[in-house]
>>> print(open('protein-v3.tsv').read())   # TSV, C-alpha atoms
chain	number	residue	atom	x	y	z
A	1	MET	CA	107.80	176.79	98.48
A	2	THR	CA	109.00	173.52	100.00
A	3	THR	CA	109.72	172.92	103.65
A	4	ASN	CA	113.45	172.49	102.97
A	5	THR	CA	113.57	175.86	101.21
A	6	VAL	CA	111.89	177.58	104.14
A	7	GLU	CA	114.28	175.93	106.60
A	8	ASN	CA	117.30	176.93	104.51
A	9	ASP	CA	116.12	180.53	104.31
A	10	ALA	CA	115.57	180.62	108.08
A	11	LEU	CA	119.05	179.19	108.65
A	12	LYS	CA	120.63	181.78	106.36
A	13	ALA	CA	118.78	184.56	108.16
A	14	SER	CA	119.91	183.23	111.54
A	15	VAL	CA	123.55	183.03	110.42
A	16	PHE	CA	123.38	186.53	108.93
A	17	GLN	CA	121.88	187.84	112.18
A	18	ARG	CA	124.78	186.43	114.19
A	19	LEU	CA	127.51	187.61	111.82
A	20	HIS	CA	126.10	191.04	110.98
A	21	PRO	CA	123.63	192.00	113.72
A	22	ARG	CA	123.74	195.72	113.03
A	23	VAL	CA	123.09	195.37	109.30
A	24	TYR	CA	120.38	192.82	110.11
A	25	LEU	CA	118.57	195.35	112.31
A	26	GLU	CA	119.10	198.18	109.82
A	27	ARG	CA	117.36	196.20	107.09
A	28	PHE	CA	114.34	195.59	109.27
A	29	LEU	CA	114.12	199.23	110.35
A	30	ALA	CA	114.36	200.32	106.72
A	31	GLU	CA	110.96	198.63	106.33
A	32	ASN	CA	109.72	200.21	109.60
A	33	PHE	CA	109.68	196.88	111.41
A	34	ARG	CA	111.77	195.16	114.04
A	35	PRO	CA	113.01	191.54	114.08
A	36	ASP	CA	110.22	190.49	116.48
A	37	GLY	CA	107.53	191.93	114.19
A	38	ARG	CA	106.84	195.14	116.11
A	39	VAL	CA	106.98	198.65	114.69
A	40	PRO	CA	109.59	200.90	116.40
A	41	ASP	CA	107.17	202.50	118.89
A	42	ALA	CA	105.26	199.32	119.82
A	43	TRP	CA	105.45	197.71	123.26
A	44	ARG	CA	105.46	194.07	124.21
A	45	ASP	CA	102.61	192.50	126.18
A	46	VAL	CA	102.81	192.74	129.97
A	47	ASN	CA	101.44	190.07	132.32
A	48	LEU	CA	101.45	190.57	136.08
A	49	ASN	CA	100.74	187.86	138.64
A	50	VAL	CA	100.64	189.05	142.25
A	51	GLY	CA	100.99	186.40	144.92
A	52	VAL	CA	100.56	186.41	148.67
A	53	CYS	CA	101.35	183.92	151.37
A	54	VAL	CA	98.51	183.11	153.77
A	55	ARG	CA	99.37	181.14	156.87
A	56	GLY	CA	97.18	180.01	159.74
A	57	ASP	CA	98.10	181.23	163.20
A	58	LEU	CA	99.99	178.44	164.93
A	59	GLN	CA	98.25	175.83	162.78
A	60	PRO	CA	100.01	172.67	161.58
A	61	THR	CA	98.85	173.30	158.01
A	62	GLU	CA	99.36	176.39	155.89
A	63	GLU	CA	97.52	177.59	152.82
A	64	ARG	CA	99.88	179.16	150.33
A	65	MET	CA	99.34	180.80	147.02
A	66	GLY	CA	101.28	183.12	144.78
A	67	SER	CA	104.48	183.26	142.82
A	68	ILE	CA	106.75	182.37	145.76
A	69	SER	CA	105.11	180.37	148.53
A	70	THR	CA	107.97	180.94	150.98
A	71	ALA	CA	107.99	184.74	150.58
A	72	ASP	CA	105.83	187.10	152.59
A	73	GLY	CA	104.69	188.68	149.36
A	74	SER	CA	105.56	188.12	145.74
A	75	ALA	CA	104.88	189.11	142.16
A	76	LEU	CA	105.79	187.72	138.77
A	77	VAL	CA	106.04	189.93	135.68
A	78	ARG	CA	106.34	188.87	132.07
A	79	LEU	CA	107.37	191.62	129.68
A	80	GLY	CA	107.39	189.87	126.34
A	81	ASN	CA	109.80	186.99	126.96
A	82	THR	CA	111.53	188.73	129.86
A	83	THR	CA	110.32	187.15	133.10
A	84	VAL	CA	111.10	188.49	136.58
A	85	VAL	CA	109.89	187.12	139.92
A	86	CYS	CA	110.09	189.23	143.08
A	87	GLY	CA	109.71	188.37	146.75
A	88	VAL	CA	109.43	190.61	149.83
A	89	LYS	CA	110.63	189.76	153.34
A	90	ALA	CA	110.45	191.87	156.50
A	91	GLU	CA	112.84	191.83	159.45
A	92	ILE	CA	113.61	193.98	162.48
A	93	ALA	CA	117.07	195.52	162.82
A	94	GLU	CA	118.99	198.36	164.40
A	95	PRO	CA	119.13	201.65	162.45
A	96	GLU	CA	122.25	203.33	161.15
A	97	LEU	CA	123.93	205.78	163.49
A	98	ASP	CA	123.50	208.74	161.14
A	99	ARG	CA	119.87	207.84	160.36
A	100	GLU	CA	118.46	206.67	163.65
A	101	GLY	CA	114.86	207.40	162.71
A	102	GLU	CA	114.77	205.62	159.37
A	103	GLY	CA	114.27	202.00	158.38
A	104	PHE	CA	115.60	200.22	155.31
A	105	LEU	CA	114.22	199.37	151.89
A	106	VAL	CA	116.70	197.05	150.19
A	107	PRO	CA	116.04	196.21	146.52
A	108	ASN	CA	118.23	193.73	144.70
A	109	LEU	CA	118.22	192.08	141.28
A	110	ASP	CA	119.87	188.76	140.46
A	111	LEU	CA	120.69	187.85	136.86
A	112	PRO	CA	121.65	184.16	137.12
A	113	ALA	CA	123.24	182.12	134.39
A	114	MET	CA	120.00	180.25	133.80
A	115	CYS	CA	118.20	183.34	132.48
A	116	SER	CA	120.48	183.96	129.48
A	117	PRO	CA	123.67	182.63	127.87
A	118	LYS	CA	125.22	186.10	128.25
A	119	PHE	CA	125.51	185.62	132.02
A	120	LYS	CA	127.96	183.24	133.66
A	121	PRO	CA	127.88	181.50	137.05
A	122	GLY	CA	129.66	183.32	139.84
A	123	PRO	CA	129.42	186.66	141.61
A	124	PRO	CA	126.80	189.25	140.59
A	125	THR	CA	127.38	190.66	137.11
A	126	GLU	CA	128.11	194.32	136.50
A	127	GLU	CA	124.75	194.72	134.78
A	128	ALA	CA	122.92	193.31	137.80
A	129	GLN	CA	124.72	195.75	140.11
A	130	VAL	CA	124.02	198.72	137.84
A	131	VAL	CA	120.33	197.87	137.52
A	132	SER	CA	120.07	197.28	141.29
A	133	ASP	CA	121.54	200.74	141.92
A	134	ARG	CA	119.06	202.29	139.50
A	135	LEU	CA	116.19	200.48	141.20
A	136	ASN	CA	117.39	201.69	144.59
A	137	GLU	CA	117.46	205.29	143.34
A	138	VAL	CA	113.93	205.05	142.00
A	139	LEU	CA	112.39	203.21	144.98
A	140	VAL	CA	114.17	205.02	147.80
A	141	ALA	CA	115.07	208.45	146.46
A	142	SER	CA	111.66	208.91	144.80
A	143	GLY	CA	109.92	208.46	148.14
A	144	ILE	CA	107.73	205.48	147.26
A	145	LEU	CA	107.87	204.62	150.94
A	146	PRO	CA	109.06	207.16	153.55
A	147	LEU	CA	111.85	205.43	155.42
A	148	ASP	CA	110.93	207.18	158.68
A	149	SER	CA	107.61	205.30	158.57
A	150	LEU	CA	109.60	202.09	159.12
A	151	CYS	CA	110.98	203.32	162.45
A	152	ILE	CA	109.82	201.40	165.52
A	153	HIS	CA	111.87	203.16	168.19
A	154	HIS	CA	114.25	206.00	167.41
A	155	GLY	CA	117.84	204.82	167.49
A	156	LYS	CA	116.92	201.32	168.64
A	157	SER	CA	114.69	199.39	166.28
A	158	VAL	CA	113.45	199.70	162.68
A	159	TRP	CA	111.86	197.58	159.96
A	160	VAL	CA	113.90	196.26	157.04
A	161	LEU	CA	112.06	195.35	153.85
A	162	TYR	CA	114.09	193.13	151.53
A	163	VAL	CA	112.77	193.31	147.97
A	164	ASP	CA	114.65	190.61	146.04
A	165	ALA	CA	114.03	190.01	142.34
A	166	THR	CA	115.37	187.24	140.12
A	167	CYS	CA	115.26	187.21	136.34
A	168	ILE	CA	114.36	183.72	135.15
A	169	ASN	CA	114.27	184.58	131.46
A	170	TYR	CA	116.17	187.51	129.98
A	171	ASP	CA	115.03	189.13	126.74
A	172	GLY	CA	115.87	192.78	127.31
A	173	ASN	CA	114.46	195.73	129.26
A	174	VAL	CA	114.90	194.02	132.60
A	175	PHE	CA	114.79	197.39	134.42
A	176	ASP	CA	111.15	198.04	133.50
A	177	ALA	CA	110.08	194.49	134.31
A	178	THR	CA	111.89	194.41	137.66
A	179	LEU	CA	110.57	197.78	138.84
A	180	LEU	CA	107.03	196.71	138.01
A	181	ALA	CA	107.50	193.43	139.91
A	182	MET	CA	108.97	195.18	142.96
A	183	VAL	CA	106.24	197.81	143.16
A	184	ALA	CA	103.51	195.19	142.75
A	185	ALA	CA	105.04	192.98	145.44
A	186	LEU	CA	105.31	195.91	147.87
A	187	LYS	CA	101.78	197.13	147.29
A	188	ASN	CA	100.10	193.74	147.56
A	189	SER	CA	102.25	191.85	150.05
A	190	GLN	CA	101.18	190.46	153.37
A	191	PHE	CA	103.83	189.51	155.84
A	192	LEU	CA	104.32	186.83	158.47
A	193	HIS	CA	107.15	187.46	160.90
A	194	ARG	CA	108.15	185.96	164.23
A	195	VAL	CA	109.68	188.06	166.99
A	196	ASP	CA	110.12	186.67	170.50
A	197	SER	CA	108.05	183.58	169.63
A	198	VAL	CA	105.10	185.76	168.62
A	199	SER	CA	103.52	185.07	165.22
A	200	CYS	CA	102.73	188.32	163.44
A	201	LEU	CA	100.31	188.24	160.50
A	202	TYR	CA	99.99	191.31	158.30
A	203	SER	CA	96.62	191.44	156.66
A	204	LEU	CA	96.17	192.19	152.97
A	205	SER	CA	94.82	195.55	151.81
A	206	ASN	CA	95.72	198.18	149.22
A	207	ALA	CA	99.16	198.33	150.80
A	208	ALA	CA	100.94	195.88	153.04
A	209	GLN	CA	100.32	196.27	156.75
A	210	LEU	CA	102.93	196.04	159.47
A	211	PRO	CA	101.98	194.81	162.94
A	212	LYS	CA	102.25	197.17	165.86
A	213	ALA	CA	105.78	196.83	167.19
A	214	THR	CA	107.12	198.25	170.44
A	215	TYR	CA	110.61	198.40	171.88
A	216	ASP	CA	111.12	197.44	175.52
A	217	GLU	CA	114.00	199.54	176.84
A	218	GLU	CA	114.40	197.40	179.94
A	219	THR	CA	114.93	194.15	178.06
A	220	GLY	CA	116.28	195.70	174.84
A	221	ARG	CA	113.89	193.58	172.79
A	222	THR	CA	111.28	194.44	170.18
A	223	ILE	CA	107.85	192.87	170.56
A	224	CYS	CA	105.12	192.99	167.94
A	225	THR	CA	101.43	192.17	168.03
A	226	ARG	CA	99.03	191.38	165.23
A	227	LYS	CA	96.04	192.86	167.04
A	228	THR	CA	96.97	196.37	165.94
A	229	LYS	CA	98.26	197.01	162.44
A	230	SER	CA	99.48	200.03	160.52
A	231	PRO	CA	99.64	200.07	156.69
A	232	LEU	CA	102.77	200.86	154.74
A	233	GLN	CA	102.67	204.50	153.78
A	234	ILE	CA	103.17	204.02	150.06
A	235	LYS	CA	103.17	207.50	148.58
A	236	ARG	CA	104.02	206.79	144.95
A	237	THR	CA	103.74	204.00	142.41
A	238	PRO	CA	106.72	204.36	140.07
A	239	ILE	CA	106.63	202.60	136.71
A	240	ALA	CA	109.36	202.75	134.08
A	241	MET	CA	109.20	202.97	130.30
A	242	SER	CA	112.53	202.49	128.53
A	243	PHE	CA	113.62	203.38	125.02
A	244	GLY	CA	116.64	202.68	122.87
A	245	VAL	CA	118.16	205.01	120.29
A	246	PHE	CA	119.59	203.34	117.20
A	247	ASN	CA	121.68	205.50	114.87
A	248	SER	CA	122.55	204.40	111.35
A	249	PHE	CA	123.41	205.65	107.88
A	250	VAL	CA	120.90	204.82	105.15
A	251	PRO	CA	121.30	205.24	101.36
A	252	TRP	CA	119.83	208.57	100.34
A	253	LEU	CA	120.99	209.55	96.84
A	254	PHE	CA	122.49	207.52	93.99
A	255	TYR	CA	124.49	208.51	90.95
A	256	ASN	CA	125.29	206.01	88.22
A	257	GLU	CA	127.93	208.03	86.36
A	258	PRO	CA	130.17	208.23	88.26
A	259	ARG	CA	128.84	205.60	90.63
A	260	VAL	CA	128.37	207.45	93.92
A	261	THR	CA	126.06	206.79	96.85
A	262	PHE	CA	125.22	209.42	99.45
A	263	TYR	CA	124.11	208.33	102.90
A	264	ALA	CA	121.85	210.13	105.33
A	265	PHE	CA	122.10	209.92	109.11
A	266	SER	CA	119.03	208.23	110.57
A	267	THR	CA	117.89	207.98	114.19
A	268	THR	CA	115.24	205.48	115.29
A	269	ILE	CA	113.75	205.34	118.80
A	270	LEU	CA	112.84	201.80	119.81
A	271	ALA	CA	110.35	201.32	122.63
A	272	ASP	CA	110.93	198.42	125.01
A	273	PRO	CA	114.14	197.06	123.39
A	274	THR	CA	114.87	193.34	123.31
A	275	SER	CA	118.09	191.56	124.28
A	276	PHE	CA	119.08	191.43	120.59
A	277	GLU	CA	118.58	195.18	120.15
A	278	GLU	CA	120.15	196.39	123.40
A	279	PRO	CA	123.85	195.80	122.49
A	280	LEU	CA	123.33	197.69	119.23
A	281	LEU	CA	121.85	200.81	120.80
A	282	ASP	CA	123.78	204.06	121.03
A	283	THR	CA	121.67	205.51	123.84
A	284	THR	CA	119.02	204.28	126.25
A	285	VAL	CA	116.45	206.45	128.01
A	286	SER	CA	114.29	205.35	130.94
A	287	VAL	CA	111.36	207.54	131.94
A	288	VAL	CA	109.85	206.85	135.37
A	289	LEU	CA	106.36	208.18	136.05
A	290	ASP	CA	103.90	207.82	138.89
A	291	ALA	CA	101.37	205.26	137.68
A	292	HIS	CA	98.35	207.12	139.05
A	293	SER	CA	99.17	210.83	139.01
A	294	GLY	CA	101.41	210.77	135.94
A	295	ASP	CA	104.02	212.94	137.67
A	296	LEU	CA	107.58	212.64	136.38
A	297	ILE	CA	109.80	210.91	138.94
A	298	SER	CA	113.01	210.63	136.96
A	299	ALA	CA	114.47	210.44	133.47
A	300	ILE	CA	117.69	208.47	133.05
A	301	GLN	CA	119.81	208.63	129.91
A	302	LEU	CA	122.73	206.26	129.39
A	303	GLY	CA	125.19	206.26	126.50
A	304	ILE	CA	126.53	208.80	124.05
A	305	ASP	CA	123.76	210.84	122.53
A	306	THR	CA	124.39	212.17	119.01
A	307	THR	CA	120.93	213.70	118.74
A	308	PRO	CA	119.70	216.88	120.50
A	309	SER	CA	119.05	215.78	124.09
A	310	GLN	CA	116.03	218.00	124.58
A	311	ASN	CA	114.24	216.60	121.53
A	312	LEU	CA	115.13	213.02	122.46
A	313	LEU	CA	113.92	213.30	126.05
A	314	GLN	CA	110.76	215.10	125.00
A	315	THR	CA	109.94	212.41	122.46
A	316	CYS	CA	110.51	209.64	125.01
A	317	MET	CA	108.50	211.39	127.73
A	318	THR	CA	105.59	211.96	125.35
A	319	ALA	CA	105.59	208.27	124.43
A	320	ALA	CA	105.85	207.29	128.13
A	321	VAL	CA	102.82	209.44	129.01
A	322	LYS	CA	100.79	207.60	126.36
A	323	ARG	CA	101.98	204.24	127.66
A	324	ARG	CA	101.32	204.97	131.36
A	325	PRO	CA	97.55	204.17	131.52
A	326	ALA	CA	98.10	200.65	130.16
A	327	LEU	CA	100.61	199.88	132.94
A	328	ALA	CA	98.69	201.74	135.66
A	329	GLU	CA	95.79	199.29	135.25
A	330	ARG	CA	98.07	196.41	136.21
A	331	VAL	CA	99.67	197.84	139.34
>>> encode(input="protein-v3.tsv", output="structure tokens")
Amino acid sequence: MTTNTVENDALKASVFQRLHPRVYLERFLAENFRPDGRVPDAWRDVNLNVGVCVRGDLQPTEERMGSISTADGSALVRLGNTTVVCGVKAEIAEPELDREGEGFLVPNLDLPAMCSPKFKPGPPTEEAQVVSDRLNEVLVASGILPLDSLCIHHGKSVWVLYVDATCINYDGNVFDATLLAMVAALKNSQFLHRVDSVSCLYSLSNAAQLPKATYDEETGRTICTRKTKSPLQIKRTPIAMSFGVFNSFVPWLFYNEPRVTFYAFSTTILADPTSFEEPLLDTTVSVVLDAHSGDLISAIQLGIDTTPSQNLLQTCMTAAVKRRPALAERV
């Protein structure tokens, strides 16, 4: 086979994929493969790079390493071709009036135009807002970090942890990649913060450590010291495993005289869907487990499900339990 023939075949396949994406995927699944070469229940490779920022106390030079040198803590996750970088910053603020004893954990995901042609410059996309809300539910509502542990002085001063993630290459399943990056950045961060001209260095351990902070009622100012530290009380390590449900009709029975073809309804569950597969899915399911204990934190189903929900969720949860140890080693 000549090089020109191979190039022509590849061009035809590319054009067919763009014009008839659903049929294109159906033909691959009929052979029990996906366009990227995986079988339906296979996962893409995961690479995790955790970075920290180390700074000398009041020194003119600073030694920095990690994914984001300007962040207090950072992590970079590659899930297949999907790449997400996350940075953590800590600040001191006043609490809300109805939650005077709780601090803030603020996760956010940015999907800029540079990460995929599907996103345009401008305000945050709807997908970014939806995924950010889902991340907030998992991180805050699941109790990964008790918010009352971020309280410095009741009603006066609390810690705010900003956990900002940016997708720099989008190839599907950004929820799983972003949650993994955020959890890794939180667990392995070390912070440098300045309050009242005092440099506060949080040392690195299993979990990030906050400096001892006190609120002076006379001056109304919060002062922190790096001599005494208290670790973040991370209670859980949530990790997500997402699945897509692809429904189709496949030829089942043929008759030549008269010429009749009967079709059977087929449902395929795709683990870790790509950006090509996601728009074609009828339903998506995200199972969130604790990386170490294996406890179920949440199960989120989006889309119209034409299969029995109990069977679908059970199948996805069983697959997520098998996948958990491979991700737990990386967090």
>>> closest_residue(input="protein-v3.tsv", among="A:Asn81, A:Thr219, A:Gln129, A:Asn169", to="Asp272 of chain A", atoms="all atoms listed in the file")
A:Asn81
>>> closest_residue(input="protein-v3.tsv", among="A:Val39, A:Ala213, A:Val46, A:Leu105", to="Arg323 of chain A", atoms="only C-alpha atoms")
A:Val46
>>> residues_around(input="protein-v3.tsv", residues="segment 111-120 of chain A", least_positions_apart="3", cutoff="9 Å", atoms="all atoms listed in the file", output="list in words")
Thr82, Thr83, Pro123, Pro124, Thr125, Glu127, Ala128, Ala165, Thr166, Cys167, Ile168, Asn169, Tyr170 and Asp171 of chain A
>>> atom_distance(input="protein-v3.tsv", atom1="atom CA of Val288 of chain A", atom2="atom CA of Leu79 of chain A")
16.4 Å
>>> atom_distance(input="protein-v3.tsv", atom1="atom CA of Gln233 of chain A", atom2="atom CA of Asp295 of chain A")
18.2 Å
>>> residues_around(input="protein-v3.tsv", residues="Ser142 of chain A", least_positions_apart="2", cutoff="9 Å", atoms="only C-alpha atoms", output="list of chain:residue names")
A:Glu137, A:Val138, A:Leu139, A:Val140, A:Ile144, A:Leu145, A:Arg236, A:Pro238, A:Ile297, A:Ser298
>>> residues_near_point(input="protein-v3.tsv", point="(115.4, 194.0, 127.1)", cutoff="6 Å", atoms="only C-alpha atoms", output="CSV table (one decimal) with C-alpha atoms, keeping the file's coordinate frame")
chain,number,residue,atom,x,y,z
A,171,ASP,CA,115.0,189.1,126.7
A,172,GLY,CA,115.9,192.8,127.3
A,173,ASN,CA,114.5,195.7,129.3
A,174,VAL,CA,114.9,194.0,132.6
A,273,PRO,CA,114.1,197.1,123.4
A,274,THR,CA,114.9,193.3,123.3
A,275,SER,CA,118.1,191.6,124.3
>>> closest_residue(input="protein-v3.tsv", among="A:Ile269, A:Leu186, A:Leu312, A:Ala30", to="Val331 of chain A", atoms="only C-alpha atoms")
A:Leu186
>>> residues_around(input="protein-v3.tsv", residues="Ala326 of chain A", least_positions_apart="4", cutoff="12 Å", atoms="only C-alpha atoms", output="MDAnalysis selection string")
chainID A and resid 43:47 239 241 291:292 320:322 330:331
>>> residues_around(input="protein-v3.tsv", residues="Cys86 of chain A", least_positions_apart="5", cutoff="10 Å", atoms="only C-alpha atoms", output="MDAnalysis selection string")
chainID A and resid 50:51 67:68 71 73:77 107:109 163:167 178:186
>>> closest_residue(input="protein-v3.tsv", among="A:Val88, A:Glu218, A:Arg78, A:Ile152", to="Glu102 of chain A", atoms="all atoms listed in the file")
A:Ile152
>>> axis_aligned_box(input="protein-v3.tsv", around="segment 121-126 of chain A", padding_each_side="5 Å", output="lines of an AutoDock Vina configuration file")
center_x = 128.2
center_y = 187.9
center_z = 139.1
size_x = 12.9
size_y = 22.8
size_z = 15.1
>>> closest_residue(input="protein-v3.tsv", among="A:Asp36, A:Lys187, A:His20, A:Glu31", to="Gly87 of chain A", atoms="all atoms listed in the file")
A:Lys187
